[in-house]
$ cat target07.pdb   # PDB, C-alpha atoms and all ligand atoms
ATOM      1  CA  MET A   1       3.047  14.585  -5.433  1.00  0.00           C
ATOM      2  CA  ASN A   2      -0.261  16.326  -4.996  1.00  0.00           C
ATOM      3  CA  LEU A   3      -3.592  14.524  -5.104  1.00  0.00           C
ATOM      4  CA  ASP A   4      -5.320  16.092  -8.123  1.00  0.00           C
ATOM      5  CA  ILE A   5      -9.105  16.192  -8.366  1.00  0.00           C
ATOM      6  CA  THR A   6     -10.689  16.796 -11.771  1.00  0.00           C
ATOM      7  CA  GLN A   7     -13.475  19.338 -12.090  1.00  0.00           C
ATOM      8  CA  CYS A   8     -15.943  19.539 -14.972  1.00  0.00           C
ATOM      9  CA  ALA A   9     -15.384  22.789 -16.902  1.00  0.00           C
ATOM     10  CA  GLN A  10     -19.102  23.017 -17.723  1.00  0.00           C
ATOM     11  CA  CYS A  11     -21.058  22.088 -14.569  1.00  0.00           C
ATOM     12  CA  GLY A  12     -18.331  22.184 -11.906  1.00  0.00           C
ATOM     13  CA  LEU A  13     -18.716  18.573 -10.678  1.00  0.00           C
ATOM     14  CA  LYS A  14     -15.551  17.362  -8.926  1.00  0.00           C
ATOM     15  CA  LEU A  15     -14.458  13.753  -9.455  1.00  0.00           C
ATOM     16  CA  PHE A  16     -11.789  11.301  -8.387  1.00  0.00           C
ATOM     17  CA  PRO A  17     -10.585   9.289 -10.194  1.00  0.00           C
ATOM     18  CA  ALA A  18     -10.809  11.176 -13.496  1.00  0.00           C
ATOM     19  CA  ARG A  19     -13.249  10.099 -16.208  1.00  0.00           C
ATOM     20  CA  TYR A  20     -13.511  10.806 -19.919  1.00  0.00           C
ATOM     21  CA  PHE A  21     -17.000  12.299 -19.718  1.00  0.00           C
ATOM     22  CA  CYS A  22     -18.767  14.073 -16.885  1.00  0.00           C
ATOM     23  CA  PRO A  23     -21.506  11.766 -15.521  1.00  0.00           C
ATOM     24  CA  ALA A  24     -23.675  14.805 -14.772  1.00  0.00           C
ATOM     25  CA  CYS A  25     -23.574  16.793 -18.032  1.00  0.00           C
ATOM     26  CA  GLY A  26     -21.563  14.748 -20.576  1.00  0.00           C
ATOM     27  CA  CYS A  27     -18.899  17.418 -21.001  1.00  0.00           C
ATOM     28  CA  ASN A  28     -15.310  16.223 -21.620  1.00  0.00           C
ATOM     29  CA  ALA A  29     -13.386  19.375 -20.682  1.00  0.00           C
ATOM     30  CA  TRP A  30     -11.764  19.357 -17.255  1.00  0.00           C
ATOM     31  CA  THR A  31      -9.784  21.542 -14.938  1.00  0.00           C
ATOM     32  CA  ARG A  32      -7.702  20.243 -12.037  1.00  0.00           C
ATOM     33  CA  CYS A  33      -7.557  21.261  -8.429  1.00  0.00           C
ATOM     34  CA  VAL A  34      -5.418  19.967  -5.583  1.00  0.00           C
ATOM     35  CA  ALA A  35      -7.003  18.147  -2.636  1.00  0.00           C
ATOM     36  CA  GLY A  36      -4.310  18.858  -0.076  1.00  0.00           C
ATOM     37  CA  SER A  37      -6.237  17.785   2.977  1.00  0.00           C
ATOM     38  CA  GLY A  38      -9.267  15.877   4.144  1.00  0.00           C
ATOM     39  CA  THR A  39     -11.141  14.329   7.051  1.00  0.00           C
ATOM     40  CA  VAL A  40     -11.094  10.641   8.004  1.00  0.00           C
ATOM     41  CA  MET A  41     -14.622   9.236   7.765  1.00  0.00           C
ATOM     42  CA  GLU A  42     -13.736   5.659   8.746  1.00  0.00           C
ATOM     43  CA  SER A  43     -10.582   3.576   8.998  1.00  0.00           C
ATOM     44  CA  THR A  44      -9.650  -0.071   9.176  1.00  0.00           C
ATOM     45  CA  VAL A  45      -6.581  -2.270   9.423  1.00  0.00           C
ATOM     46  CA  VAL A  46      -5.661  -5.061   7.016  1.00  0.00           C
ATOM     47  CA  ARG A  47      -3.205  -7.700   8.271  1.00  0.00           C
ATOM     48  CA  HIS A  48      -1.176  -9.804   5.853  1.00  0.00           C
ATOM     49  CA  ARG A  49       0.449 -12.992   7.088  1.00  0.00           C
ATOM     50  CA  ALA A  50       3.247 -14.719   5.207  1.00  0.00           C
ATOM     51  CA  GLY A  51       4.201 -18.039   6.763  1.00  0.00           C
ATOM     52  CA  GLU A  52       5.447 -17.599  10.315  1.00  0.00           C
ATOM     53  CA  GLN A  53       6.617 -14.034   9.725  1.00  0.00           C
ATOM     54  CA  GLU A  54       5.282 -11.287  11.908  1.00  0.00           C
ATOM     55  CA  ALA A  55       1.954  -9.918  10.719  1.00  0.00           C
ATOM     56  CA  HIS A  56       2.233  -6.743   8.655  1.00  0.00           C
ATOM     57  CA  ALA A  57      -0.576  -4.272   9.278  1.00  0.00           C
ATOM     58  CA  VAL A  58      -1.805  -1.787   6.661  1.00  0.00           C
ATOM     59  CA  HIS A  59      -4.031   1.000   7.943  1.00  0.00           C
ATOM     60  CA  LEU A  60      -6.568   2.272   5.414  1.00  0.00           C
ATOM     61  CA  ALA A  61      -8.992   5.158   5.696  1.00  0.00           C
ATOM     62  CA  THR A  62     -11.959   6.512   3.801  1.00  0.00           C
ATOM     63  CA  VAL A  63     -11.203  10.231   3.533  1.00  0.00           C
ATOM     64  CA  ARG A  64     -13.526  13.058   2.480  1.00  0.00           C
ATOM     65  CA  THR A  65     -11.161  15.389   0.632  1.00  0.00           C
ATOM     66  CA  SER A  66     -11.210  19.152   1.042  1.00  0.00           C
ATOM     67  CA  GLU A  67     -12.551  19.300  -2.540  1.00  0.00           C
ATOM     68  CA  GLY A  68     -15.447  16.916  -1.880  1.00  0.00           C
ATOM     69  CA  PRO A  69     -14.699  13.530  -3.506  1.00  0.00           C
ATOM     70  CA  VAL A  70     -14.066  10.556  -1.186  1.00  0.00           C
ATOM     71  CA  VAL A  71     -10.818   8.578  -1.556  1.00  0.00           C
ATOM     72  CA  ILE A  72      -9.226   5.527   0.082  1.00  0.00           C
ATOM     73  CA  ALA A  73      -5.844   6.414   1.615  1.00  0.00           C
ATOM     74  CA  ARG A  74      -3.086   4.702   3.567  1.00  0.00           C
ATOM     75  CA  LEU A  75      -2.366   5.827   7.115  1.00  0.00           C
ATOM     76  CA  ASP A  76       0.840   5.495   9.170  1.00  0.00           C
ATOM     77  CA  GLY A  77      -1.211   4.071  12.020  1.00  0.00           C
ATOM     78  CA  PRO A  78      -4.656   4.062  13.600  1.00  0.00           C
ATOM     79  CA  VAL A  79      -6.481   7.405  13.926  1.00  0.00           C
ATOM     80  CA  PRO A  80      -9.951   8.247  15.235  1.00  0.00           C
ATOM     81  CA  ASP A  81     -12.771   9.063  12.814  1.00  0.00           C
ATOM     82  CA  GLY A  82     -12.933  12.792  12.176  1.00  0.00           C
ATOM     83  CA  THR A  83      -9.148  13.247  12.187  1.00  0.00           C
ATOM     84  CA  SER A  84      -7.899  15.977   9.835  1.00  0.00           C
ATOM     85  CA  VAL A  85      -5.225  14.671   7.478  1.00  0.00           C
ATOM     86  CA  ARG A  86      -2.810  15.965   4.840  1.00  0.00           C
ATOM     87  CA  LEU A  87      -3.118  14.084   1.524  1.00  0.00           C
ATOM     88  CA  GLU A  88      -0.393  13.303  -0.986  1.00  0.00           C
ATOM     89  CA  ILE A  89       0.633  10.702  -3.578  1.00  0.00           C
ATOM     90  CA  ASP A  90       3.732   8.601  -2.870  1.00  0.00           C
ATOM     91  CA  ASP A  91       6.317   7.142  -5.296  1.00  0.00           C
ATOM     92  CA  MET A  92       4.132   4.076  -5.828  1.00  0.00           C
ATOM     93  CA  HIS A  93       1.125   6.280  -6.743  1.00  0.00           C
ATOM     94  CA  ARG A  94      -0.690   5.430  -3.522  1.00  0.00           C
ATOM     95  CA  ILE A  95      -2.727   8.034  -1.675  1.00  0.00           C
ATOM     96  CA  ILE A  96      -1.122   8.741   1.705  1.00  0.00           C
ATOM     97  CA  ALA A  97      -2.929  10.440   4.612  1.00  0.00           C
ATOM     98  CA  ARG A  98      -0.973  11.913   7.519  1.00  0.00           C
ATOM     99  CA  ALA A  99      -2.673  13.270  10.618  1.00  0.00           C
ATOM    100  CA  LEU A 100      -2.367  17.061  10.946  1.00  0.00           C
TER
HETATM  101 ZN    ZN B   1     -20.316  18.350 -15.901  1.00  0.00          ZN
END

$ encode --input "target07.pdb" --output "structure tokens" --more "lines below"
Ligand SMILES: [Zn+2]
Amino acid sequence: MNLDITQCAQCGLKLFPARYFCPACGCNAWTRCVAGSGTVMESTVVRHRAGEQEAHAVHLATVRTSEGPVVIARLDGPVPDGTSVRLEIDDMHRIIARAL
């Protein structure tokens, strides 16, 4: 699925996640645009340990989308800051970033 960004129909502000009212102008009419790509601003790794099982690493990144809003996305693995990524939503409604 595509990562949809909402845009205020009155003042043009782009937001993610969506809100009921625009924080800039109070309007409640929205259009949608697709943020298909972005740039990694910063990334980190979170390690979960369950008993003696092998640690499971989750790579997370702060991504500036092509449309402007910043989102937190999952990565397949570590990438340097500034990496260009493709953005999409997976079956569990998580934002996934893949290096281009
Ligand atoms: Zn607005």

$ residues_near_ligand --input "target07.pdb" --ligand "ligand ZN 1 (chain B)" --cutoff "10 Å" --atoms "only C-alpha atoms and all ligand atoms" --output "PyMOL selection string"
chain A and resi 7-15+21-30

$ write_last_selection --input "target07.pdb" --atoms "C-alpha atoms" --output "JSON list (two decimals), in the frame of the given file"
[["chain", "number", "residue", "atom", "x", "y", "z"],
["A", 7, "GLN", "CA", -13.48, 19.34, -12.09],
["A", 8, "CYS", "CA", -15.94, 19.54, -14.97],
["A", 9, "ALA", "CA", -15.38, 22.79, -16.90],
["A", 10, "GLN", "CA", -19.10, 23.02, -17.72],
["A", 11, "CYS", "CA", -21.06, 22.09, -14.57],
["A", 12, "GLY", "CA", -18.33, 22.18, -11.91],
["A", 13, "LEU", "CA", -18.72, 18.57, -10.68],
["A", 14, "LYS", "CA", -15.55, 17.36, -8.93],
["A", 15, "LEU", "CA", -14.46, 13.75, -9.46],
["A", 21, "PHE", "CA", -17.00, 12.30, -19.72],
["A", 22, "CYS", "CA", -18.77, 14.07, -16.89],
["A", 23, "PRO", "CA", -21.51, 11.77, -15.52],
["A", 24, "ALA", "CA", -23.68, 14.80, -14.77],
["A", 25, "CYS", "CA", -23.57, 16.79, -18.03],
["A", 26, "GLY", "CA", -21.56, 14.75, -20.58],
["A", 27, "CYS", "CA", -18.90, 17.42, -21.00],
["A", 28, "ASN", "CA", -15.31, 16.22, -21.62],
["A", 29, "ALA", "CA", -13.39, 19.38, -20.68],
["A", 30, "TRP", "CA", -11.76, 19.36, -17.26]]

$ closest_residue --input "target07.pdb" --among "A:Arg19, A:Gly36, A:Leu75, A:Val63" --to "Leu87 in chain A" --atoms "only C-alpha atoms"
A:Gly36

$ resolve_selection --input "target07.pdb" --expression "the PyMOL selection byres (((chain A and resi 98) around 6) and not hetatm)" --output "short mmCIF file (atom, residue, chain, number, x, y, z; two decimals) with C-alpha atoms, in the frame of the given file"
data_model
loop_
_atom_site.label_atom_id
_atom_site.label_comp_id
_atom_site.auth_asym_id
_atom_site.auth_seq_id
_atom_site.Cartn_x
_atom_site.Cartn_y
_atom_site.Cartn_z
CA VAL A 85 -5.22 14.67 7.48
CA ARG A 86 -2.81 15.96 4.84
CA ALA A 97 -2.93 10.44 4.61
CA ALA A 99 -2.67 13.27 10.62
#

$ atom_distance --input "target07.pdb" --atom1 "CA of Glu67 in chain A" --atom2 "CA of Val79 in chain A"
21.2 Å

$ resolve_selection --input "target07.pdb" --expression "the PyMOL selection byres (((chain A and resi 35) around 12) and not hetatm)" --output "JSON, numbers by chain"
{"A": [1, 2, 3, 4, 5, 6, 7, 14, 15, 16, 32, 33, 34, 36, 37, 38, 39, 63, 64, 65, 66, 67, 68, 69, 70, 71, 85, 86, 87, 88, 89, 95, 96, 97]}

$ write_last_selection --input "target07.pdb" --atoms "C-alpha atoms" --output "mmCIF file, in the coordinates of the input"
data_model
loop_
_atom_site.group_PDB
_atom_site.id
_atom_site.type_symbol
_atom_site.label_atom_id
_atom_site.label_comp_id
_atom_site.auth_asym_id
_atom_site.auth_seq_id
_atom_site.Cartn_x
_atom_site.Cartn_y
_atom_site.Cartn_z
ATOM 1 C CA MET A 1 3.047 14.585 -5.433
ATOM 2 C CA ASN A 2 -0.261 16.326 -4.996
ATOM 3 C CA LEU A 3 -3.592 14.524 -5.104
ATOM 4 C CA ASP A 4 -5.320 16.092 -8.123
ATOM 5 C CA ILE A 5 -9.105 16.192 -8.366
ATOM 6 C CA THR A 6 -10.689 16.796 -11.771
ATOM 7 C CA GLN A 7 -13.475 19.338 -12.090
ATOM 8 C CA LYS A 14 -15.551 17.362 -8.926
ATOM 9 C CA LEU A 15 -14.458 13.753 -9.455
ATOM 10 C CA PHE A 16 -11.789 11.301 -8.387
ATOM 11 C CA ARG A 32 -7.702 20.243 -12.037
ATOM 12 C CA CYS A 33 -7.557 21.261 -8.429
ATOM 13 C CA VAL A 34 -5.418 19.967 -5.583
ATOM 14 C CA GLY A 36 -4.310 18.858 -0.076
ATOM 15 C CA SER A 37 -6.237 17.785 2.977
ATOM 16 C CA GLY A 38 -9.267 15.877 4.144
ATOM 17 C CA THR A 39 -11.141 14.329 7.051
ATOM 18 C CA VAL A 63 -11.203 10.231 3.533
ATOM 19 C CA ARG A 64 -13.526 13.058 2.480
ATOM 20 C CA THR A 65 -11.161 15.389 0.632
ATOM 21 C CA SER A 66 -11.210 19.152 1.042
ATOM 22 C CA GLU A 67 -12.551 19.300 -2.540
ATOM 23 C CA GLY A 68 -15.447 16.916 -1.880
ATOM 24 C CA PRO A 69 -14.699 13.530 -3.506
ATOM 25 C CA VAL A 70 -14.066 10.556 -1.186
ATOM 26 C CA VAL A 71 -10.818 8.578 -1.556
ATOM 27 C CA VAL A 85 -5.225 14.671 7.478
ATOM 28 C CA ARG A 86 -2.810 15.965 4.840
ATOM 29 C CA LEU A 87 -3.118 14.084 1.524
ATOM 30 C CA GLU A 88 -0.393 13.303 -0.986
ATOM 31 C CA ILE A 89 0.633 10.702 -3.578
ATOM 32 C CA ILE A 95 -2.727 8.034 -1.675
ATOM 33 C CA ILE A 96 -1.122 8.741 1.705
ATOM 34 C CA ALA A 97 -2.929 10.440 4.612
#

$ atom_distance --input "target07.pdb" --atom1 "CA of Glu42 in chain A" --atom2 "CA of Pro17 in chain A"
19.5 Å
